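**Student:** Just so it is clear, I am handing over protein.pdb, which has PDB, C-alpha atoms.
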```pdb
ATOM      1  CA  MET A   1     105.232  50.472  51.716
ATOM      2  CA  ASN A   2     107.446  50.904  48.676
ATOM      3  CA  GLN A   3     108.879  54.433  48.888
ATOM      4  CA  TYR A   4     108.256  55.151  45.201
ATOM      5  CA  LEU A   5     104.553  54.229  45.526
ATOM      6  CA  GLU A   6     104.339  56.157  48.796
ATOM      7  CA  GLU A   7     105.528  59.287  47.033
ATOM      8  CA  LEU A   8     103.029  58.860  44.194
ATOM      9  CA  ASN A   9     100.122  58.423  46.618
ATOM     10  CA  ASN A  10     101.415  61.338  48.662
ATOM     11  CA  GLN A  11     101.155  63.546  45.573
ATOM     12  CA  GLN A  12      97.454  62.703  45.385
ATOM     13  CA  GLU A  13      96.844  63.634  49.023
ATOM     14  CA  ILE A  14      98.927  66.792  48.862
ATOM     15  CA  LYS A  15      96.422  68.224  46.369
ATOM     16  CA  HIS A  16      94.375  68.902  49.486
ATOM     17  CA  LEU A  17      96.915  70.564  51.756
ATOM     18  CA  GLU A  18      94.627  70.657  54.780
ATOM     19  CA  ILE A  19      94.220  66.874  54.678
ATOM     20  CA  GLU A  20      97.987  66.499  54.479
ATOM     21  CA  GLU A  21      98.222  68.708  57.565
ATOM     22  CA  LEU A  22      95.951  66.295  59.426
ATOM     23  CA  ARG A  23      98.280  63.412  58.563
ATOM     24  CA  LYS A  24     101.305  65.398  59.692
ATOM     25  CA  TYR A  25      99.555  66.242  62.964
ATOM     26  CA  ALA A  26      98.813  62.553  63.541
ATOM     27  CA  GLU A  27     102.404  61.566  62.847
ATOM     28  CA  ILE A  28     103.868  64.240  65.137
ATOM     29  CA  ASN A  29     101.448  63.477  67.964
ATOM     30  CA  LYS A  30     101.537  59.698  67.479
ATOM     31  CA  VAL A  31      97.829  59.418  66.778
ATOM     32  CA  PRO A  32      97.171  56.146  64.940
ATOM     33  CA  ILE A  33      95.413  56.760  61.625
ATOM     34  CA  ILE A  34      95.023  54.622  58.520
ATOM     35  CA  LYS A  35      98.147  54.208  56.395
ATOM     36  CA  ARG A  36      98.116  56.043  53.086
ATOM     37  CA  ASP A  37      98.207  52.898  50.901
ATOM     38  CA  SER A  38      95.247  51.352  52.723
ATOM     39  CA  LEU A  39      93.303  54.594  52.336
ATOM     40  CA  VAL A  40      94.031  54.620  48.597
ATOM     41  CA  LEU A  41      92.931  50.984  48.336
ATOM     42  CA  ILE A  42      89.636  51.658  50.102
ATOM     43  CA  GLU A  43      88.945  54.710  47.959
ATOM     44  CA  SER A  44      89.617  52.711  44.785
ATOM     45  CA  ILE A  45      87.238  49.925  45.884
ATOM     46  CA  LEU A  46      84.496  52.388  46.779
ATOM     47  CA  LYS A  47      84.669  54.037  43.345
ATOM     48  CA  GLY A  48      83.030  50.954  41.888
ATOM     49  CA  ARG A  49      80.293  50.759  44.520
ATOM     50  CA  LYS A  50      77.211  52.846  45.319
ATOM     51  CA  VAL A  51      78.228  53.854  48.818
ATOM     52  CA  LYS A  52      76.048  56.482  50.450
ATOM     53  CA  ARG A  53      76.364  55.795  54.174
ATOM     54  CA  ILE A  54      79.434  54.805  56.176
ATOM     55  CA  LEU A  55      79.831  53.791  59.805
ATOM     56  CA  GLU A  56      83.303  54.332  61.245
ATOM     57  CA  ILE A  57      84.248  52.791  64.590
ATOM     58  CA  GLY A  58      87.164  54.797  65.928
ATOM     59  CA  THR A  59      87.184  58.469  64.873
ATOM     60  CA  ALA A  60      90.499  59.592  66.410
ATOM     61  CA  ILE A  61      91.159  63.071  64.914
ATOM     62  CA  GLY A  62      88.555  62.567  62.163
ATOM     63  CA  TYR A  63      91.102  61.891  59.432
ATOM     64  CA  PHE A  64      89.432  58.905  57.737
ATOM     65  CA  SER A  65      85.931  60.380  57.788
ATOM     66  CA  ILE A  66      87.178  63.695  56.436
ATOM     67  CA  CYS A  67      89.060  61.924  53.646
ATOM     68  CA  MET A  68      85.963  59.918  52.686
ATOM     69  CA  ALA A  69      83.649  62.925  52.773
ATOM     70  CA  THR A  70      86.108  65.036  50.787
ATOM     71  CA  HIS A  71      86.764  62.362  48.169
ATOM     72  CA  PHE A  72      83.103  61.306  47.759
ATOM     73  CA  LYS A  73      80.751  64.268  47.742
ATOM     74  CA  ASP A  74      77.515  62.307  48.271
ATOM     75  CA  ILE A  75      78.621  60.165  51.232
ATOM     76  CA  SER A  76      77.416  60.714  54.810
ATOM     77  CA  ILE A  77      79.218  59.219  57.789
ATOM     78  CA  ASP A  78      78.431  58.237  61.360
ATOM     79  CA  THR A  79      81.655  57.929  63.347
ATOM     80  CA  ILE A  80      82.082  56.705  66.928
ATOM     81  CA  GLU A  81      84.731  57.847  69.415
ATOM     82  CA  ARG A  82      85.067  57.425  73.189
ATOM     83  CA  ASN A  83      88.257  59.404  73.924
ATOM     84  CA  GLU A  84      87.331  62.925  75.074
ATOM     85  CA  GLU A  85      90.527  64.526  73.779
ATOM     86  CA  MET A  86      90.085  62.928  70.354
ATOM     87  CA  ILE A  87      86.417  63.967  70.300
ATOM     88  CA  THR A  88      87.357  67.610  70.844
ATOM     89  CA  ILE A  89      90.023  67.522  68.126
ATOM     90  CA  ALA A  90      87.801  65.637  65.672
ATOM     91  CA  LYS A  91      84.930  68.091  66.144
ATOM     92  CA  SER A  92      87.276  70.975  65.440
ATOM     93  CA  ASN A  93      88.634  69.301  62.306
ATOM     94  CA  ILE A  94      85.196  68.391  60.985
ATOM     95  CA  LYS A  95      84.075  71.990  61.472
ATOM     96  CA  LYS A  96      87.237  73.270  59.790
ATOM     97  CA  PHE A  97      86.387  71.240  56.674
ATOM     98  CA  ASN A  98      82.726  72.388  56.783
ATOM     99  CA  LEU A  99      81.538  68.786  57.035
ATOM    100  CA  ASN A 100      79.211  68.984  60.046
ATOM    101  CA  ASP A 101      76.252  68.265  57.786
ATOM    102  CA  ARG A 102      77.803  65.024  56.484
ATOM    103  CA  ILE A 103      79.888  63.685  59.379
ATOM    104  CA  ASN A 104      77.976  62.825  62.548
ATOM    105  CA  LEU A 105      80.272  62.191  65.520
ATOM    106  CA  ILE A 106      78.731  59.822  68.082
ATOM    107  CA  GLU A 107      80.344  60.057  71.511
ATOM    108  CA  GLY A 108      80.729  56.887  73.555
ATOM    109  CA  ASP A 109      82.143  53.382  73.742
ATOM    110  CA  ALA A 110      81.128  51.542  70.566
ATOM    111  CA  VAL A 111      80.627  48.288  72.489
ATOM    112  CA  GLU A 112      78.293  49.907  75.013
ATOM    113  CA  LEU A 113      76.237  52.278  72.836
ATOM    114  CA  ASN A 114      72.499  51.674  72.898
ATOM    115  CA  ASP A 115      71.227  49.876  69.809
ATOM    116  CA  GLU A 116      68.349  52.375  69.682
ATOM    117  CA  LEU A 117      70.813  54.870  68.185
ATOM    118  CA  PHE A 118      71.186  52.680  65.105
ATOM    119  CA  LYS A 119      67.867  50.850  64.817
ATOM    120  CA  ASN A 120      66.778  52.810  61.720
ATOM    121  CA  ASN A 121      70.218  52.901  60.117
ATOM    122  CA  LYS A 122      71.652  50.856  57.294
ATOM    123  CA  TYR A 123      75.219  51.297  56.096
ATOM    124  CA  ASP A 124      76.889  50.508  52.800
ATOM    125  CA  MET A 125      80.275  50.326  54.486
ATOM    126  CA  ILE A 126      81.653  49.824  57.986
ATOM    127  CA  PHE A 127      85.225  50.768  58.892
ATOM    128  CA  ILE A 128      86.616  49.196  62.078
ATOM    129  CA  ASP A 129      89.659  50.954  63.502
ATOM    130  CA  ALA A 130      89.200  51.330  67.246
ATOM    131  CA  ALA A 131      90.298  49.250  70.267
ATOM    132  CA  LYS A 132      91.944  46.200  68.684
ATOM    133  CA  ALA A 133      90.981  43.887  71.553
ATOM    134  CA  GLN A 134      87.295  44.630  70.829
ATOM    135  CA  TYR A 135      87.297  43.973  67.089
ATOM    136  CA  GLN A 136      85.101  40.881  67.277
ATOM    137  CA  LYS A 137      82.593  42.623  69.539
ATOM    138  CA  PHE A 138      82.420  45.553  67.105
ATOM    139  CA  PHE A 139      81.857  43.176  64.200
ATOM    140  CA  GLU A 140      79.131  41.213  65.985
ATOM    141  CA  LYS A 141      77.336  44.344  67.220
ATOM    142  CA  TYR A 142      77.306  46.409  64.035
ATOM    143  CA  THR A 143      77.163  44.051  61.067
ATOM    144  CA  LYS A 144      73.411  43.763  61.527
ATOM    145  CA  TYR A 145      73.276  47.358  60.291
ATOM    146  CA  LEU A 146      75.143  46.526  57.085
ATOM    147  CA  ASN A 147      73.221  46.520  53.799
ATOM    148  CA  ASP A 148      73.091  43.204  51.948
ATOM    149  CA  ASP A 149      75.642  44.402  49.409
ATOM    150  CA  GLY A 150      77.709  46.183  52.052
ATOM    151  CA  ILE A 151      81.420  45.912  52.758
ATOM    152  CA  ILE A 152      83.468  45.958  55.970
ATOM    153  CA  PHE A 153      87.075  47.087  56.258
ATOM    154  CA  THR A 154      89.095  46.238  59.364
ATOM    155  CA  ASP A 155      92.424  48.023  59.780
ATOM    156  CA  ASN A 156      95.604  46.956  61.644
ATOM    157  CA  ILE A 157      95.038  43.212  61.366
ATOM    158  CA  ILE A 158      98.775  42.459  61.420
ATOM    159  CA  PHE A 159      99.481  45.140  64.052
ATOM    160  CA  HIS A 160     103.008  46.239  63.136
ATOM    161  CA  ASN A 161     103.742  42.661  62.010
ATOM    162  CA  LEU A 162     103.520  41.511  65.628
ATOM    163  CA  VAL A 163     100.706  39.045  64.877
ATOM    164  CA  GLU A 164     103.173  36.831  63.057
ATOM    165  CA  GLU A 165     106.017  37.327  65.554
ATOM    166  CA  ASP A 166     107.118  34.769  68.134
ATOM    167  CA  SER A 167     104.813  35.575  71.054
ATOM    168  CA  ASN A 168     107.538  34.726  73.550
ATOM    169  CA  LYS A 169     109.317  37.918  72.523
ATOM    170  CA  LEU A 170     106.360  40.077  73.526
ATOM    171  CA  SER A 171     105.356  41.534  76.875
ATOM    172  CA  LYS A 172     102.392  39.963  78.645
ATOM    173  CA  ASN A 173      99.982  42.775  77.742
ATOM    174  CA  LEU A 174     101.143  42.959  74.150
ATOM    175  CA  LYS A 175     100.966  39.191  73.801
ATOM    176  CA  SER A 176      97.338  39.279  74.969
ATOM    177  CA  LEU A 177      96.421  42.034  72.491
ATOM    178  CA  VAL A 178      98.141  40.338  69.572
ATOM    179  CA  LYS A 179      96.377  37.084  70.433
ATOM    180  CA  LYS A 180      92.992  38.822  70.315
ATOM    181  CA  ILE A 181      93.760  40.316  66.906
ATOM    182  CA  ASP A 182      94.865  36.902  65.650
ATOM    183  CA  ASN A 183      91.686  35.340  67.050
ATOM    184  CA  TYR A 184      89.619  37.989  65.264
ATOM    185  CA  ASN A 185      91.311  37.287  61.944
ATOM    186  CA  HIS A 186      90.574  33.581  62.288
ATOM    187  CA  TYR A 187      87.043  34.355  63.474
ATOM    188  CA  LEU A 188      86.391  36.164  60.186
ATOM    189  CA  ASN A 189      87.380  32.994  58.347
ATOM    190  CA  THR A 190      84.803  30.940  60.258
ATOM    191  CA  LEU A 191      81.824  33.061  59.224
ATOM    192  CA  THR A 192      79.525  31.294  56.792
ATOM    193  CA  ASP A 193      77.602  34.453  55.820
ATOM    194  CA  PHE A 194      80.687  36.502  55.000
ATOM    195  CA  GLU A 195      83.780  36.194  52.853
ATOM    196  CA  THR A 196      86.998  37.939  53.875
ATOM    197  CA  TYR A 197      90.174  38.818  52.009
ATOM    198  CA  PHE A 198      93.277  39.660  54.021
ATOM    199  CA  ILE A 199      95.456  42.254  52.317
ATOM    200  CA  GLU A 200      99.067  43.173  53.074
ATOM    201  CA  SER A 201      98.422  46.889  52.852
ATOM    202  CA  GLY A 202      99.458  49.439  55.444
ATOM    203  CA  ASP A 203      99.209  47.682  58.794
ATOM    204  CA  GLY A 204      97.114  44.911  57.289
ATOM    205  CA  LEU A 205      93.559  45.256  56.005
ATOM    206  CA  ALA A 206      90.676  42.777  56.126
ATOM    207  CA  ILE A 207      88.009  43.261  53.454
ATOM    208  CA  THR A 208      84.780  41.470  54.285
ATOM    209  CA  TYR A 209      81.739  41.026  52.037
ATOM    210  CA  LYS A 210      78.340  39.516  52.709
ATOM    211  CA  LYS A 211      77.839  36.298  50.768
ATOM    212  CA  HIS A 212      74.886  36.017  48.414
ATOM    213  CA  ASP A 213      72.978  32.896  47.398
TER     214      ASP A 213
END
```
Could you spell out this file's structure in structure tokens?
**Tutor:**
Amino acid sequence: MNQYLEELNNQQEIKHLEIEELRKYAEINKVPIIKRDSLVLIESILKGRKVKRILEIGTAIGYFSICMATHFKDISIDTIERNEEMITIAKSNIKKFNLNDRINLIEGDAVELNDELFKNNKYDMIFIDAAKAQYQKFFEKYTKYLNDDGIIFTDNIIFHNLVEEDSNKLSKNLKSLVKKIDNYNHYLNTLTDFETYFIESGDGLAITYKKHD
């Protein structure tokens, strides 16, 4: 990201010093969280929409959910995480921000969770930022819980620019992961009920809307 714009966006985040501390913790401990410019983009899009309920797939330390709940005072969030260490840290952070009443952390593998947990839920927004190799499975499993005017954001769709790299330069495991991300991006383009825009923001962001007749 342009350093000048990074500094301007950083000034916005620094107004809430505890949120900035979360970002610093993630950077020091190499916990992948959303890039600042992608976060700003999502927040700007949501300002023009009546978003009340969010589903996040991939909690990590709780950074994204905490940012959303802090920025939008009437939003409630269900967030899914399978990593026990991240669950412990996220719970602590959510409590620290006094957001237990608005952020509901669901423990488990998002692919394997029982649909009964979500049968009565409808979300205005879904944020996908968990295991990259499972992106398509996440999309297929959870979009049925998206409201008709809902929006889906998928982070890391260019994965450190490796998606467009010569695959012969990559290790076998990395090549397989990058291929799955690339397949997911093209899968989004095949969907007749959805329209997707691919944005060069952060580590790449897909913005997907339901089509209307």
**Student:** So how many Å separate CA of Pro32 in chain A and CA of Glu18 in chain A, to one decimal?
**Tutor:**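 These atoms are spaced 17.9 Å apart.
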**Student:** In Å to one decimal, how far is CA of Ile199 in chain A from CA of Lys52 in chain A?
**Tutor:**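 One can read the CA of Lys52 in chain A to CA of Ile199 in chain A distance as 24.1 Å.
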**Student:** I need every residue sitting at most 9 Å from the point (82.1, 58.9, 46.1) (coordinates as in the file, only C-alpha atoms considered), written as a VMD selection string.
**Tutor:** chain A and resid 43 46 to 47 49 to 52 68 to 75
**Student:** Using only C-alpha atoms, which protein or nucleic acid residues come within 12 Å of range 87-98 of chain A? Drop anything in the same chain fewer than 6 positions from it, and give the result as a VMD selection string.
**Tutor:** chain A and resid 16 to 19 21 to 23 25 to 26 31 58 to 70 77 79 to 81 104 to 109
**Student:** Counting only C-alpha atoms, figure out which residue out of A:Lys210, A:Arg102, A:Lys119, A:Arg82 gets nearest to Asp149 in chain A.
**Tutor:**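 Ranking A:Lys210, A:Arg102, A:Lys119, A:Arg82 by distance to Asp149 in chain A, first place goes to A:Lys210.
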**Student:** When distances are computed from all atoms listed in the file, which of A:Lys122, A:Lys35, A:Lys132, A:Lys137 shows the smallest separation from Leu174 in chain A?
**Tutor:**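 Between A:Lys122, A:Lys35, A:Lys132, A:Lys137, the residue approaching Leu174 in chain A most closely is A:Lys132.
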**Student:** In Å, rounded to a single decimal, give me how far CA of Glu56 in chain A is from CA of Ile207 in chain A.
**Tutor:**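 Spanning CA of Ile207 in chain A to CA of Glu56 in chain A is a straight-line distance of 14.3 Å.
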**Student:** Tell me which of A:Phe153, A:Phe139, A:Tyr145, A:Phe118 sits closest to Leu41 in chain A, counting only C-alpha atoms.
**Tutor:**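 Among A:Phe153, A:Phe139, A:Tyr145, A:Phe118, it is A:Phe153 that comes nearest to Leu41 in chain A.
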**Student:** Apply the PyMOL selection byres ((chain A and resi 194) around 6) to the displayed file and report the matching residues as a list of chain:residue names.
**Tutor:** A:Leu191, A:Thr192, A:Asp193, A:Glu195, A:Tyr209, A:Lys210, A:Lys211
**Student:** Expand the PyMOL selection byres ((chain A and resi 206) around 12) into the explicit residue set it covers here, and present it as a short mmCIF file (atom, residue, chain, number, x, y, z; two decimals) with C-alpha atoms, keeping the file's coordinate frame.
**Tutor:**
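File out_11.cif, as written:
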```cif
data_model
loop_
_atom_site.label_atom_id
_atom_site.label_comp_id
_atom_site.auth_asym_id
_atom_site.auth_seq_id
_atom_site.Cartn_x
_atom_site.Cartn_y
_atom_site.Cartn_z
CA SER A 38 95.25 51.35 52.72
CA LEU A 41 92.93 50.98 48.34
CA ILE A 42 89.64 51.66 50.10
CA ILE A 126 81.65 49.82 57.99
CA PHE A 127 85.22 50.77 58.89
CA ILE A 128 86.62 49.20 62.08
CA ASP A 129 89.66 50.95 63.50
CA TYR A 135 87.30 43.97 67.09
CA PHE A 139 81.86 43.18 64.20
CA ILE A 151 81.42 45.91 52.76
CA ILE A 152 83.47 45.96 55.97
CA PHE A 153 87.08 47.09 56.26
CA THR A 154 89.10 46.24 59.36
CA ASP A 155 92.42 48.02 59.78
CA ASN A 156 95.60 46.96 61.64
CA ILE A 157 95.04 43.21 61.37
CA ILE A 158 98.78 42.46 61.42
CA ILE A 181 93.76 40.32 66.91
CA ASP A 182 94.86 36.90 65.65
CA TYR A 184 89.62 37.99 65.26
CA ASN A 185 91.31 37.29 61.94
CA HIS A 186 90.57 33.58 62.29
CA TYR A 187 87.04 34.35 63.47
CA LEU A 188 86.39 36.16 60.19
CA ASN A 189 87.38 32.99 58.35
CA PHE A 194 80.69 36.50 55.00
CA GLU A 195 83.78 36.19 52.85
CA THR A 196 87.00 37.94 53.88
CA TYR A 197 90.17 38.82 52.01
CA PHE A 198 93.28 39.66 54.02
CA ILE A 199 95.46 42.25 52.32
CA GLU A 200 99.07 43.17 53.07
CA SER A 201 98.42 46.89 52.85
CA GLY A 202 99.46 49.44 55.44
CA ASP A 203 99.21 47.68 58.79
CA GLY A 204 97.11 44.91 57.29
CA LEU A 205 93.56 45.26 56.00
CA ILE A 207 88.01 43.26 53.45
CA THR A 208 84.78 41.47 54.28
CA TYR A 209 81.74 41.03 52.04
#
```
**Student:** Using all atoms listed in the file for the distances, tell me which of A:Val111, A:Ile28, A:Ile54, A:Ile45 is nearest to Gln136 in chain A.
**Tutor:** A:Val111
**Student:** Carefully work through the PyMOL selection byres ((chain A and resi 121) around 10) for this structure and note down the residues it includes, as a ChimeraX atom specification.
**Tutor:** /A:53,55,78,116-120,122-123,144-147
**Student:** Where atoms are absent from range 151-179 of chain A, fill them in so it carries N, CA and C atoms, then output it as a PDB file, keeping the file's coordinate frame.
**Tutor:**
```pdb
ATOM      1  N   ILE A 151      80.029  46.340  52.648  1.00  0.00           N
ATOM      2  CA  ILE A 151      81.420  45.912  52.758  1.00  0.00           C
ATOM      3  C   ILE A 151      81.987  46.419  54.087  1.00  0.00           C
ATOM      4  N   ILE A 152      82.848  45.604  54.692  1.00  0.00           N
ATOM      5  CA  ILE A 152      83.468  45.958  55.970  1.00  0.00           C
ATOM      6  C   ILE A 152      84.983  45.951  55.795  1.00  0.00           C
ATOM      7  N   PHE A 153      85.617  47.024  56.235  1.00  0.00           N
ATOM      8  CA  PHE A 153      87.075  47.087  56.258  1.00  0.00           C
ATOM      9  C   PHE A 153      87.535  47.090  57.716  1.00  0.00           C
ATOM     10  N   THR A 154      88.492  46.237  58.033  1.00  0.00           N
ATOM     11  CA  THR A 154      89.095  46.238  59.364  1.00  0.00           C
ATOM     12  C   THR A 154      90.573  46.541  59.222  1.00  0.00           C
ATOM     13  N   ASP A 155      91.031  47.594  59.896  1.00  0.00           N
ATOM     14  CA  ASP A 155      92.424  48.023  59.780  1.00  0.00           C
ATOM     15  C   ASP A 155      93.290  47.388  60.871  1.00  0.00           C
ATOM     16  N   ASN A 156      94.601  47.392  60.650  1.00  0.00           N
ATOM     17  CA  ASN A 156      95.604  46.956  61.644  1.00  0.00           C
ATOM     18  C   ASN A 156      95.523  45.475  62.002  1.00  0.00           C
ATOM     19  N   ILE A 157      95.209  44.631  61.038  1.00  0.00           N
ATOM     20  CA  ILE A 157      95.038  43.212  61.366  1.00  0.00           C
ATOM     21  C   ILE A 157      96.359  42.454  61.507  1.00  0.00           C
ATOM     22  N   ILE A 158      97.484  43.101  61.137  1.00  0.00           N
ATOM     23  CA  ILE A 158      98.775  42.459  61.420  1.00  0.00           C
ATOM     24  C   ILE A 158      99.534  43.219  62.507  1.00  0.00           C
ATOM     25  N   PHE A 159      99.021  44.371  62.904  1.00  0.00           N
ATOM     26  CA  PHE A 159      99.481  45.140  64.052  1.00  0.00           C
ATOM     27  C   PHE A 159     101.007  45.223  64.116  1.00  0.00           C
ATOM     28  N   HIS A 160     101.560  46.003  63.211  1.00  0.00           N
ATOM     29  CA  HIS A 160     103.008  46.239  63.136  1.00  0.00           C
ATOM     30  C   HIS A 160     103.791  44.934  62.941  1.00  0.00           C
ATOM     31  N   ASN A 161     103.157  43.982  62.275  1.00  0.00           N
ATOM     32  CA  ASN A 161     103.742  42.661  62.010  1.00  0.00           C
ATOM     33  C   ASN A 161     103.925  41.823  63.268  1.00  0.00           C
ATOM     34  N   LEU A 162     103.353  42.254  64.384  1.00  0.00           N
ATOM     35  CA  LEU A 162     103.520  41.511  65.628  1.00  0.00           C
ATOM     36  C   LEU A 162     102.660  40.253  65.675  1.00  0.00           C
ATOM     37  N   VAL A 163     101.589  40.212  64.878  1.00  0.00           N
ATOM     38  CA  VAL A 163     100.706  39.045  64.877  1.00  0.00           C
ATOM     39  C   VAL A 163     101.451  37.796  64.427  1.00  0.00           C
ATOM     40  N   GLU A 164     102.423  37.980  63.541  1.00  0.00           N
ATOM     41  CA  GLU A 164     103.173  36.831  63.057  1.00  0.00           C
ATOM     42  C   GLU A 164     104.508  36.642  63.766  1.00  0.00           C
ATOM     43  N   GLU A 165     104.781  37.456  64.791  1.00  0.00           N
ATOM     44  CA  GLU A 165     106.017  37.327  65.554  1.00  0.00           C
ATOM     45  C   GLU A 165     105.917  36.192  66.567  1.00  0.00           C
ATOM     46  N   ASP A 166     107.060  35.735  67.046  1.00  0.00           N
ATOM     47  CA  ASP A 166     107.118  34.769  68.134  1.00  0.00           C
ATOM     48  C   ASP A 166     106.573  35.444  69.390  1.00  0.00           C
ATOM     49  N   SER A 167     105.470  34.927  69.919  1.00  0.00           N
ATOM     50  CA  SER A 167     104.813  35.575  71.054  1.00  0.00           C
ATOM     51  C   SER A 167     105.681  35.613  72.306  1.00  0.00           C
ATOM     52  N   ASN A 168     106.660  34.744  72.376  1.00  0.00           N
ATOM     53  CA  ASN A 168     107.538  34.726  73.550  1.00  0.00           C
ATOM     54  C   ASN A 168     108.409  35.976  73.636  1.00  0.00           C
ATOM     55  N   LYS A 169     108.511  36.700  72.535  1.00  0.00           N
ATOM     56  CA  LYS A 169     109.317  37.918  72.523  1.00  0.00           C
ATOM     57  C   LYS A 169     108.532  39.134  72.992  1.00  0.00           C
ATOM     58  N   LEU A 170     107.226  38.955  73.196  1.00  0.00           N
ATOM     59  CA  LEU A 170     106.360  40.077  73.526  1.00  0.00           C
ATOM     60  C   LEU A 170     106.080  40.160  75.020  1.00  0.00           C
ATOM     61  N   SER A 171     105.769  41.369  75.486  1.00  0.00           N
ATOM     62  CA  SER A 171     105.356  41.534  76.875  1.00  0.00           C
ATOM     63  C   SER A 171     104.007  40.848  77.085  1.00  0.00           C
ATOM     64  N   LYS A 172     103.637  40.661  78.331  1.00  0.00           N
ATOM     65  CA  LYS A 172     102.392  39.963  78.645  1.00  0.00           C
ATOM     66  C   LYS A 172     101.182  40.687  78.057  1.00  0.00           C
ATOM     67  N   ASN A 173     101.121  41.999  78.241  1.00  0.00           N
ATOM     68  CA  ASN A 173      99.982  42.775  77.742  1.00  0.00           C
ATOM     69  C   ASN A 173      99.928  42.776  76.217  1.00  0.00           C
ATOM     70  N   LEU A 174     101.091  42.937  75.603  1.00  0.00           N
ATOM     71  CA  LEU A 174     101.143  42.959  74.150  1.00  0.00           C
ATOM     72  C   LEU A 174     100.811  41.592  73.575  1.00  0.00           C
ATOM     73  N   LYS A 175     101.269  40.553  74.243  1.00  0.00           N
ATOM     74  CA  LYS A 175     100.966  39.191  73.801  1.00  0.00           C
ATOM     75  C   LYS A 175      99.459  38.949  73.816  1.00  0.00           C
ATOM     76  N   SER A 176      98.791  39.445  74.858  1.00  0.00           N
ATOM     77  CA  SER A 176      97.338  39.279  74.969  1.00  0.00           C
ATOM     78  C   SER A 176      96.618  40.018  73.850  1.00  0.00           C
ATOM     79  N   LEU A 177      97.047  41.244  73.554  1.00  0.00           N
ATOM     80  CA  LEU A 177      96.421  42.034  72.491  1.00  0.00           C
ATOM     81  C   LEU A 177      96.620  41.382  71.136  1.00  0.00           C
ATOM     82  N   VAL A 178      97.840  40.969  70.859  1.00  0.00           N
ATOM     83  CA  VAL A 178      98.141  40.338  69.572  1.00  0.00           C
ATOM     84  C   VAL A 178      97.332  39.057  69.406  1.00  0.00           C
ATOM     85  N   LYS A 179      97.163  38.318  70.490  1.00  0.00           N
ATOM     86  CA  LYS A 179      96.377  37.084  70.433  1.00  0.00           C
ATOM     87  C   LYS A 179      94.923  37.381  70.069  1.00  0.00           C
TER      88      LYS A 179
END
```
